[in-house]
>>> print(open('run17.cif').read())   # mmCIF, C-alpha atoms
data_work
loop_
_atom_site.label_atom_id
_atom_site.label_comp_id
_atom_site.auth_asym_id
_atom_site.auth_seq_id
_atom_site.Cartn_x
_atom_site.Cartn_y
_atom_site.Cartn_z
CA MET A 652 149.91 102.49 267.29
CA SER A 653 150.09 99.16 269.03
CA LEU A 654 147.66 96.32 269.43
CA ASN A 655 147.40 93.57 272.00
CA VAL A 656 146.48 90.10 270.86
CA THR A 657 144.40 87.79 273.03
CA LEU A 658 143.11 84.28 272.60
CA GLU A 659 140.64 82.90 275.10
CA GLN A 660 140.05 79.17 275.25
CA VAL A 661 140.44 78.88 271.52
CA SER A 662 139.95 75.53 269.79
CA VAL A 663 140.02 74.73 266.10
CA ASN A 664 138.71 71.56 264.45
CA TYR A 665 139.94 70.74 260.98
CA GLY A 666 138.18 68.05 258.99
CA GLY A 667 137.23 66.11 262.11
CA LYS A 668 140.63 66.59 263.71
CA ARG A 669 141.44 68.93 266.55
CA ALA A 670 144.24 71.25 265.42
CA LEU A 671 144.18 73.55 268.45
CA SER A 672 142.87 72.80 271.92
CA ASP A 673 141.88 75.33 274.53
CA ILE A 674 144.54 77.96 273.83
CA THR A 675 144.56 80.97 276.13
CA LEU A 676 147.27 83.44 275.31
CA GLU A 677 147.98 87.14 275.58
CA LEU A 678 150.59 88.82 273.40
CA GLU A 679 151.69 92.29 274.43
CA ALA A 680 152.34 95.08 272.01
CA GLY A 681 155.98 95.87 271.36
CA LYS A 682 157.42 92.45 272.05
CA ILE A 683 159.05 89.85 269.81
CA TYR A 684 157.60 86.41 270.38
CA GLY A 685 159.24 83.20 269.29
CA LEU A 686 156.59 80.63 268.39
CA LEU A 687 158.00 77.12 268.50
CA GLY A 688 156.48 73.72 267.94
CA ARG A 689 157.18 70.55 266.06
CA ASN A 690 155.60 69.88 262.69
CA GLY A 691 151.84 69.67 263.13
CA ALA A 692 151.87 71.32 266.56
CA GLY A 693 149.33 73.92 265.37
CA LYS A 694 151.58 76.94 264.79
CA THR A 695 150.26 77.86 261.37
CA THR A 696 146.66 77.27 262.48
CA LEU A 697 147.18 79.66 265.38
CA LEU A 698 148.71 82.27 263.08
CA SER A 699 145.91 81.87 260.52
CA LEU A 700 143.43 82.85 263.23
CA LEU A 701 145.30 86.09 263.87
CA ALA A 702 145.50 86.81 260.15
CA SER A 703 141.70 86.40 259.80
CA TYR A 704 142.12 83.43 257.48
CA MET A 705 139.72 81.42 259.61
CA GLU A 706 137.49 81.54 262.65
CA PRO A 707 138.02 79.40 265.72
CA THR A 708 135.62 76.49 266.31
CA ALA A 709 135.33 77.67 269.90
CA GLY A 710 136.69 80.52 271.96
CA ARG A 711 137.53 84.14 271.25
CA VAL A 712 140.29 85.84 269.26
CA ARG A 713 140.80 89.58 269.78
CA ILE A 714 143.24 92.01 268.24
CA GLY A 715 143.13 95.46 269.81
CA GLY A 716 139.78 94.42 271.27
CA ASN A 717 138.22 93.50 267.91
CA ASN A 718 137.37 90.16 266.40
CA PRO A 719 139.76 90.12 263.42
CA TYR A 720 137.66 87.77 261.26
CA GLU A 721 136.40 89.70 258.21
CA HIS A 722 137.08 92.92 260.09
CA ALA A 723 138.72 94.99 257.36
CA GLU A 724 140.15 97.62 259.69
CA THR A 725 141.90 95.03 261.86
CA MET A 726 143.06 92.97 258.87
CA ALA A 727 144.95 95.98 257.51
CA GLN A 728 146.86 96.13 260.80
CA VAL A 729 148.08 92.53 260.62
CA SER A 730 150.77 91.15 258.31
CA PHE A 731 151.02 87.39 257.97
CA ILE A 732 154.15 86.66 255.99
CA TYR A 733 154.74 83.07 254.90
CA GLU A 734 156.21 81.20 251.96
CA THR A 735 154.13 82.50 249.08
CA ASN A 736 153.63 80.72 245.78
CA TYR A 737 154.86 83.24 243.21
CA SER A 738 154.92 80.84 240.25
CA GLU A 739 152.21 82.88 238.46
CA GLU A 740 153.42 86.33 239.52
CA SER A 741 154.46 88.24 236.44
CA ASP A 742 154.55 91.56 238.29
CA LYS A 743 157.89 93.12 239.25
CA ILE A 744 159.01 94.50 242.61
CA LYS A 745 157.59 97.94 241.92
CA GLY A 746 154.12 96.51 241.44
CA MET A 747 154.34 94.43 244.59
CA LEU A 748 155.33 97.46 246.64
CA GLN A 749 152.49 99.51 245.14
CA VAL A 750 149.97 96.89 246.24
CA ALA A 751 151.42 96.83 249.76
CA GLU A 752 151.33 100.62 249.89
CA ARG A 753 147.67 100.67 248.91
CA TYR A 754 146.51 98.24 251.59
CA ARG A 755 148.82 98.95 254.49
CA PRO A 756 148.31 102.32 256.21
CA HIS A 757 151.77 102.31 257.86
CA PHE A 758 153.70 101.06 254.81
CA ASP A 759 157.01 102.88 254.36
CA ARG A 760 157.93 102.95 250.69
CA ALA A 761 161.38 104.48 251.18
CA TYR A 762 162.27 101.86 253.75
CA ALA A 763 161.02 99.10 251.44
CA GLU A 764 163.26 100.36 248.64
CA GLU A 765 166.20 100.54 251.02
CA LEU A 766 165.58 96.90 251.98
CA VAL A 767 165.31 95.84 248.33
CA GLN A 768 168.79 97.30 247.85
CA LEU A 769 170.14 95.62 250.99
CA PHE A 770 168.86 92.23 249.89
CA GLY A 771 170.17 92.88 246.37
CA LEU A 772 166.83 92.11 244.70
CA PRO A 773 166.49 92.84 240.97
CA MET A 774 163.90 95.49 240.01
CA ASN A 775 163.39 94.51 236.38
CA ILE A 776 162.66 90.78 236.57
CA PRO A 777 159.18 89.33 237.18
CA ILE A 778 158.79 87.82 240.64
CA LYS A 779 158.07 84.36 239.22
CA LYS A 780 161.62 84.29 237.86
CA PHE A 781 163.10 84.93 241.33
CA SER A 782 164.91 82.13 243.16
CA SER A 783 163.12 80.89 246.28
CA GLY A 784 165.61 82.76 248.45
CA MET A 785 164.88 86.00 246.59
CA GLN A 786 161.14 85.43 246.89
CA SER A 787 161.56 84.93 250.64
CA ALA A 788 163.65 88.10 250.84
CA LEU A 789 160.89 89.99 249.04
CA ASN A 790 158.39 88.67 251.61
CA ALA A 791 160.69 89.86 254.37
CA VAL A 792 160.88 93.31 252.74
CA ILE A 793 157.10 93.58 252.59
CA GLY A 794 156.65 92.24 256.14
CA LEU A 795 159.08 94.75 257.60
CA ALA A 796 158.03 97.76 255.52
CA ASN A 797 154.33 97.14 256.22
CA ARG A 798 155.07 98.21 259.81
CA THR A 799 151.75 96.73 260.85
CA PRO A 800 151.11 96.74 264.62
CA VAL A 801 150.88 92.95 264.42
CA THR A 802 153.53 91.34 262.21
CA ILE A 803 153.88 87.59 261.79
CA PHE A 804 156.77 85.87 260.05
CA ASP A 805 156.05 82.18 259.53
CA GLU A 806 159.30 80.47 258.54
CA VAL A 807 160.00 83.34 256.23
CA TYR A 808 163.71 82.45 255.93
CA ARG A 809 163.12 79.47 253.62
CA GLY A 810 165.58 79.39 250.75
CA MET A 811 167.52 82.38 252.08
CA ASP A 812 171.23 81.75 252.41
CA ALA A 813 172.96 82.45 255.73
CA PRO A 814 174.20 85.98 254.89
CA THR A 815 170.70 86.96 253.71
CA ARG A 816 169.17 85.64 256.93
CA GLU A 817 171.66 87.74 258.88
CA ILE A 818 170.57 90.85 257.00
CA PHE A 819 166.95 89.97 257.78
CA TYR A 820 167.57 89.49 261.52
CA LYS A 821 169.57 92.70 261.74
CA GLN A 822 166.90 94.75 259.96
CA LEU A 823 164.18 93.15 262.04
CA LEU A 824 165.87 94.13 265.31
CA GLU A 825 166.66 97.66 264.17
CA ASP A 826 163.25 98.39 262.74
CA GLN A 827 161.52 96.84 265.73
CA ALA A 828 163.55 99.15 268.01
CA ASP A 829 162.39 102.21 266.05
CA HIS A 830 158.84 101.03 265.38
CA PRO A 831 157.79 98.57 268.08
CA ARG A 832 155.02 96.20 267.06
CA THR A 833 153.72 92.85 268.22
CA MET A 834 156.05 90.56 266.32
CA ILE A 835 155.65 86.81 266.07
CA LEU A 836 158.44 84.69 264.63
CA SER A 837 157.50 81.10 263.94
CA THR A 838 160.60 79.09 263.24
CA HIS A 839 162.40 75.77 263.17
CA LEU A 840 165.78 77.51 263.17
CA VAL A 841 165.73 77.80 266.95
CA SER A 842 169.45 78.01 267.66
CA GLU A 843 169.96 80.59 264.96
CA MET A 844 167.10 82.89 265.96
CA ASP A 845 166.77 82.49 269.73
CA TYR A 846 168.52 85.79 270.50
CA LEU A 847 165.76 87.66 268.68
CA PHE A 848 163.02 86.49 271.05
CA GLU A 849 161.80 88.21 274.20
CA ASP A 850 159.10 85.69 275.02
CA VAL A 851 158.83 82.11 273.89
CA VAL A 852 155.58 80.29 273.19
CA ILE A 853 155.77 76.54 272.67
CA LEU A 854 152.87 74.62 271.18
CA HIS A 855 152.77 70.87 271.39
CA LYS A 856 150.11 68.67 269.81
CA GLY A 857 147.68 71.56 269.54
CA ARG A 858 148.11 72.67 273.13
CA MET A 859 150.05 75.42 274.84
CA LEU A 860 153.07 73.89 276.49
CA LEU A 861 154.47 77.14 277.83
CA LYS A 862 154.76 80.90 277.40
CA GLU A 863 157.63 82.55 279.21
CA PRO A 864 160.19 85.32 278.94
CA ILE A 865 163.23 83.74 277.33
CA ASP A 866 165.61 84.57 280.18
CA ARG A 867 163.39 82.85 282.73
CA LEU A 868 162.97 79.83 280.47
CA LEU A 869 166.73 79.54 279.95
CA ASP A 870 167.30 79.88 283.71
CA ARG A 871 165.15 76.81 284.21
CA GLY A 872 167.23 74.52 282.08
CA ALA A 873 170.50 73.14 283.39
CA SER A 874 172.83 70.36 282.44
CA ILE A 875 174.46 68.49 285.32
CA THR A 876 177.65 66.70 284.36
CA GLY A 877 179.96 64.57 286.46
CA ALA A 878 180.52 61.09 287.86
CA SER A 879 177.41 58.95 287.24
CA ALA A 880 176.65 58.20 290.89
CA GLU A 881 177.02 61.85 291.92
CA VAL A 882 174.79 63.04 289.08
CA ASP A 883 172.15 60.43 289.96
CA ALA A 884 172.16 61.49 293.58
CA PHE A 885 171.96 65.20 292.72
CA VAL A 886 169.10 65.02 290.22
CA ARG A 887 166.93 62.67 292.28
CA GLY A 888 163.43 64.12 292.47
CA MET A 889 164.10 66.68 289.74
CA LYS A 890 162.35 66.80 286.41
CA ILE A 891 164.84 65.13 284.09
CA LEU A 892 164.52 65.89 280.39
CA ASN A 893 167.39 63.89 279.01
CA VAL A 894 170.33 61.78 280.13
CA GLN A 895 173.51 60.99 278.26
CA GLN A 896 176.19 58.62 279.42
CA LEU A 897 179.80 58.43 278.34
CA GLY A 898 181.81 55.83 280.25
CA GLY A 899 181.63 56.78 283.92
CA THR A 900 180.48 60.31 283.14
CA LYS A 901 176.85 61.28 283.02
CA SER A 902 175.17 64.42 281.79
CA ALA A 903 171.56 65.05 282.77
CA ILE A 904 169.40 67.90 281.49
CA VAL A 905 166.99 68.98 284.20
CA TYR A 906 164.17 71.49 284.21
CA GLY A 907 163.83 73.55 287.35
CA GLU A 908 165.34 76.47 289.18
CA PHE A 909 168.46 76.19 291.32
CA ASP A 910 169.32 78.31 294.32
CA GLU A 911 172.82 79.27 295.37
CA ALA A 912 172.99 76.52 298.01
CA GLN A 913 172.26 73.86 295.40
CA ARG A 914 174.88 75.29 293.08
CA ARG A 915 177.46 75.23 295.87
CA ALA A 916 176.48 71.65 296.79
CA ALA A 917 176.95 70.62 293.15
CA ALA A 918 180.33 72.32 292.90
CA SER A 919 181.54 70.66 296.12
CA LYS A 920 180.72 67.26 294.60
CA GLY A 921 182.66 68.07 291.47
CA LEU A 922 179.52 68.47 289.37
CA ASP A 923 179.40 70.95 286.55
CA ILE A 924 176.18 72.94 286.13
CA GLY A 925 175.90 74.40 282.66
CA PRO A 926 173.23 76.26 280.71
CA VAL A 927 171.02 74.51 278.17
CA PRO A 928 170.40 76.22 274.83
CA LEU A 929 166.79 76.95 273.92
CA GLN A 930 167.02 74.51 271.02
CA ASP A 931 167.85 71.62 273.39
CA LEU A 932 165.14 72.62 275.87
CA PHE A 933 162.66 72.72 273.04
CA ILE A 934 163.73 69.33 271.69
CA HIS A 935 163.47 67.64 275.06
CA LEU A 936 160.28 69.38 276.19
CA THR A 937 158.50 68.30 273.03
CA GLY A 938 160.18 64.91 272.70
CA GLU A 939 157.95 61.87 272.30
CA GLU A 940 159.05 60.11 275.45
CA GLY A 941 157.54 61.61 278.56
CA SER A 942 155.68 64.35 276.74
CA HIS A 943 152.39 63.14 278.23
CA ASP A 944 153.36 63.38 281.87
CA ASN A 945 155.09 66.69 281.16
CA HIS A 946 151.83 68.46 280.41
CA SER A 947 150.36 68.87 283.84
CA GLU A 948 153.39 70.63 285.26
CA PHE A 949 153.34 73.71 283.09
CA MET B 416 175.75 81.57 271.42
CA SER B 417 178.68 83.87 270.88
CA PRO B 418 182.05 82.20 271.47
CA SER B 419 183.13 85.02 273.78
CA PHE B 420 180.82 83.74 276.51
CA ASP B 421 181.49 80.78 278.74
CA ASP B 422 179.22 78.42 280.61
CA LYS B 423 180.53 79.08 284.09
CA LYS B 424 178.65 82.27 284.79
CA PRO B 425 175.22 83.62 283.89
CA ILE B 426 175.39 85.52 280.60
CA PHE B 427 173.92 88.72 282.05
CA LEU B 428 176.86 88.92 284.47
CA GLN B 429 179.26 88.40 281.58
CA ILE B 430 177.56 91.24 279.69
CA LYS B 431 177.96 93.46 282.74
CA GLU B 432 181.64 92.55 283.01
CA LEU B 433 182.24 93.17 279.31
CA ILE B 434 180.98 96.73 279.66
CA GLU B 435 182.92 97.20 282.89
CA ASP B 436 186.09 96.06 281.12
CA GLN B 437 185.50 98.57 278.35
CA ILE B 438 185.19 101.34 280.94
CA VAL B 439 188.32 100.23 282.78
CA ASN B 440 190.25 100.03 279.47
CA ASP B 441 189.09 103.52 278.46
CA GLN B 442 187.23 102.16 275.42
CA LEU B 443 184.20 103.82 276.97
CA LYS B 444 184.84 107.13 278.68
CA GLU B 445 182.85 109.21 281.18
CA HIS B 446 179.64 110.64 279.70
CA GLU B 447 180.14 108.60 276.55
CA GLN B 448 177.13 106.73 275.19
CA ILE B 449 177.34 102.96 275.28
CA PRO B 450 175.93 100.89 272.36
CA SER B 451 172.14 100.50 272.38
CA THR B 452 170.51 97.31 273.60
CA THR B 453 169.58 96.48 270.00
CA GLN B 454 173.18 96.89 268.88
CA LEU B 455 174.36 94.69 271.73
CA VAL B 456 171.73 92.04 270.89
CA GLN B 457 172.94 92.01 267.29
CA PHE B 458 176.60 91.98 268.14
CA TYR B 459 176.63 89.32 270.83
CA LYS B 460 173.58 87.35 269.58
CA ILE B 461 172.17 87.39 273.09
CA ASN B 462 168.52 88.14 273.72
CA HIS B 463 167.22 91.55 274.72
CA LEU B 464 166.15 90.57 278.25
CA THR B 465 169.56 89.19 279.19
CA ILE B 466 171.35 92.26 277.79
CA SER B 467 168.98 94.59 279.69
CA LYS B 468 169.50 92.64 282.89
CA GLY B 469 173.27 93.13 282.66
CA ILE B 470 172.92 96.83 281.86
CA ASN B 471 170.43 97.42 284.66
CA LEU B 472 172.91 96.06 287.19
CA LEU B 473 175.33 98.77 286.05
CA VAL B 474 172.63 101.44 286.27
CA ASP B 475 171.74 100.31 289.82
CA ALA B 476 175.43 100.42 290.75
CA GLY B 477 175.74 103.98 289.43
CA ILE B 478 178.22 103.00 286.72
CA LEU B 479 175.83 103.90 283.91
CA TYR B 480 173.06 106.46 283.76
CA LYS B 481 170.04 106.67 281.54
CA LYS B 482 169.03 109.63 279.41
CA ARG B 483 165.41 109.13 278.59
CA GLY B 484 164.83 108.57 274.90
CA VAL B 485 168.55 108.80 274.13
CA GLY B 486 170.30 105.83 275.71
CA MET B 487 172.79 104.78 278.36
CA PHE B 488 175.88 106.75 279.30
CA VAL B 489 178.97 106.12 281.40
CA ALA B 490 178.67 107.91 284.74
CA GLU B 491 181.22 110.32 286.14
CA LYS B 492 183.85 108.52 288.20
CA ALA B 493 182.64 105.17 286.83
CA LYS B 494 186.19 104.02 286.15
CA GLU B 495 187.35 105.03 289.63
CA MET B 496 184.47 103.13 291.22
CA LEU B 497 185.22 100.04 289.16
CA LEU B 498 188.92 100.14 290.01
CA THR B 499 188.13 100.42 293.73
CA GLN B 500 185.71 97.50 293.50
CA ARG B 501 188.22 95.38 291.66
CA LYS B 502 190.99 96.10 294.13
CA GLU B 503 188.66 95.02 296.92
CA ARG B 504 187.99 91.76 295.11
CA PHE B 505 191.61 91.16 294.15
CA LEU B 506 192.40 89.22 297.33
CA ASP B 507 189.43 86.86 296.99
CA GLU B 508 189.51 86.38 293.26
CA TYR B 509 193.23 86.19 292.53
CA VAL B 510 195.44 85.99 295.61
CA LEU B 511 193.48 83.39 297.57
CA PRO B 512 193.15 80.86 294.72
CA MET B 513 196.82 81.39 293.89
CA MET B 514 197.92 80.81 297.48
CA ARG B 515 195.71 77.71 297.80
CA GLU B 516 197.41 76.21 294.80
CA ALA B 517 200.84 77.30 296.04
CA VAL B 518 200.28 75.60 299.41
CA LYS B 519 199.07 72.48 297.63
CA LEU B 520 202.21 72.38 295.47
CA GLY B 521 204.51 73.34 298.34
CA ILE B 522 205.84 76.49 296.68
CA ALA B 523 207.76 78.61 299.19
CA ASP B 524 207.11 82.35 299.64
CA GLY B 525 210.51 83.27 298.23
CA GLU B 526 209.79 81.25 295.13
CA ILE B 527 206.42 82.98 294.75
CA ASN B 528 208.12 86.40 294.87
CA LEU B 529 210.48 85.23 292.17
CA LEU B 530 207.57 84.09 290.02
CA ILE B 531 205.85 87.44 290.51
CA THR B 532 208.96 89.27 289.32
CA LYS B 533 209.14 86.95 286.32
CA ALA B 534 205.49 87.53 285.47
CA LYS B 535 206.00 91.32 285.65
CA GLU B 536 208.89 91.04 283.19
CA GLY B 537 206.67 89.02 280.88
CA ILE B 538 203.93 91.67 280.99
CA LYS B 539 206.45 94.39 280.08
CA HIS B 540 207.31 92.55 276.88
CA GLU B 541 203.72 92.04 275.86
CA PRO B 542 202.77 94.01 272.76
#
>>> encode(input="run17.cif", output="structure tokens")
Amino acid sequence: MSLNVTLEQVSVNYGGKRALSDITLELEAGKIYGLLGRNGAGKTTLLSLLASYMEPTAGRVRIGGNNPYEHAETMAQVSFIYETNYSEESDKIKGMLQVAERYRPHFDRAYAEELVQLFGLPMNIPIKKFSSGMQSALNAVIGLANRTPVTIFDEVYRGMDAPTREIFYKQLLEDQADHPRTMILSTHLVSEMDYLFEDVVILHKGRMLLKEPIDRLLDRGASITGASAEVDAFVRGMKILNVQQLGGTKSAIVYGEFDEAQRRAAASKGLDIGPVPLQDLFIHLTGEEGSHDNHSEF
Amino acid sequence: MSPSFDDKKPIFLQIKELIEDQIVNDQLKEHEQIPSTTQLVQFYKINHLTISKGINLLVDAGILYKKRGVGMFVAEKAKEMLLTQRKERFLDEYVLPMMREAVKLGIADGEINLLITKAKEGIKHEP
């Protein structure tokens, strides 16, 4: 079972402030989306809409054609996994898995237990006694084993150490390959997680900045490095995201596609064209300077 | 990004070449299954789309073939085809740049032959 997610001209006002503005977005079943945005960009608001935690002020949200808000059937098909406050949770893992099993029609108990083992989580200690990394790992277990057609991980890695995050990413990729769902990963760890994404959605100040397949997005970014004057001449008229200068050498990050002729021209002038990691593109596309005039071009 | 990739060439081409190398080196043999896209994503920490793009080039070239629902396999004669291709490119990719540099440095033909013999000796003693 797979469900498409659509938002049409969705806006959300929060206590007199506009948290989301005119978002139109379609997420296809079976893909892993990376949702990026700076703090306060509206990521969690957007995800809360999908998880039926709130209704939009304007516009339409649809999951598999249904309005998810207070729609029990749809809500059971969506997992929204985020940093949970377990300070009062005296239940142990077994109890948590039982609850998930009761409410999630596709929950796989055997897989959940396998994951508990992989993450090395203790079975006989109440959840409130878990470290924050262990609590996050438990959330990851539940999110993966739920196997809901729409699965959202909102910064679920918090407190996990690097080896634990690796286990999570590996399991996520493997289980997604066997049981494709619409997966949304909201993260600040861009450089660590970028290889997981198929499409990237960037929110900025409550608006959609872009939604693109990651390979196309990465193709658009290039760093041009060489003698200052040559770099200046080459990037004239291009959309420049960032410039760094070191003595007589300049490196400019530009956003745009290059054809073979341009690449040859650059090489003949001794310029180096290199790729730009997603993290750097994200930083510069959502940077304060120039972010206003950037809008119209996407 | 994985340290085994460099900035000079698009990553999908480097993925393609990595698999080609494994076929040429007999790490992957005819009719053997290659690792799944998911395994390659995990191993190289490169996104799915880029990996698929590299693999699809090899499918289009007849080096790999797809078994629906199973995975990708090395085609018959894949190694032969790759060796032929590489021999055709040897002049452009290795001999021409070498000769350009040799002309620049004023190295005579006789000296080049000597260097070639020396290099061959070196290769023999490689582990």
>>> interface_residues(input="run17.cif", of="chain A", to="chain B", cutoff="7 Å", atoms="all atoms listed in the file", output="JSON, numbers by chain")
{"A": [821, 824, 825, 828, 846, 847, 848, 849, 866, 925, 926]}
>>> atom_distance(input="run17.cif", atom1="atom CA of B:Glu491", atom2="atom CA of B:Ile430")
20.5 Å
>>> closest_residue(input="run17.cif", among="A:Val841, A:Met859, A:Gly688, A:Ile803", to="A:Leu658", atoms="all atoms listed in the file")
A:Met859
>>> resolve_selection(input="run17.cif", expression="the PyMOL selection byres ((chain A and resi 683) around 7)", output="PyMOL selection string")
chain A and resi 681-682+684-685+833-835+848-850
>>> write_last_selection(input="run17.cif", atoms="C-alpha atoms", output="PDB file, in the frame of the given file")
ATOM      1  CA  GLY A 681     155.980  95.870 271.360  1.00  0.00           C
ATOM      2  CA  LYS A 682     157.420  92.450 272.050  1.00  0.00           C
ATOM      3  CA  TYR A 684     157.600  86.410 270.380  1.00  0.00           C
ATOM      4  CA  GLY A 685     159.240  83.200 269.290  1.00  0.00           C
ATOM      5  CA  THR A 833     153.720  92.850 268.220  1.00  0.00           C
ATOM      6  CA  MET A 834     156.050  90.560 266.320  1.00  0.00           C
ATOM      7  CA  ILE A 835     155.650  86.810 266.070  1.00  0.00           C
ATOM      8  CA  PHE A 848     163.020  86.490 271.050  1.00  0.00           C
ATOM      9  CA  GLU A 849     161.800  88.210 274.200  1.00  0.00           C
ATOM     10  CA  ASP A 850     159.100  85.690 275.020  1.00  0.00           C
TER      11      ASP A 850
END
>>> closest_residue(input="run17.cif", among="B:Val485, B:Leu530, B:Met496, B:Val474", to="B:Ala517", atoms="only C-alpha atoms")
B:Leu530
>>> atom_distance(input="run17.cif", atom1="atom CA of A:Glu908", atom2="atom CA of A:Leu676")
23.8 Å
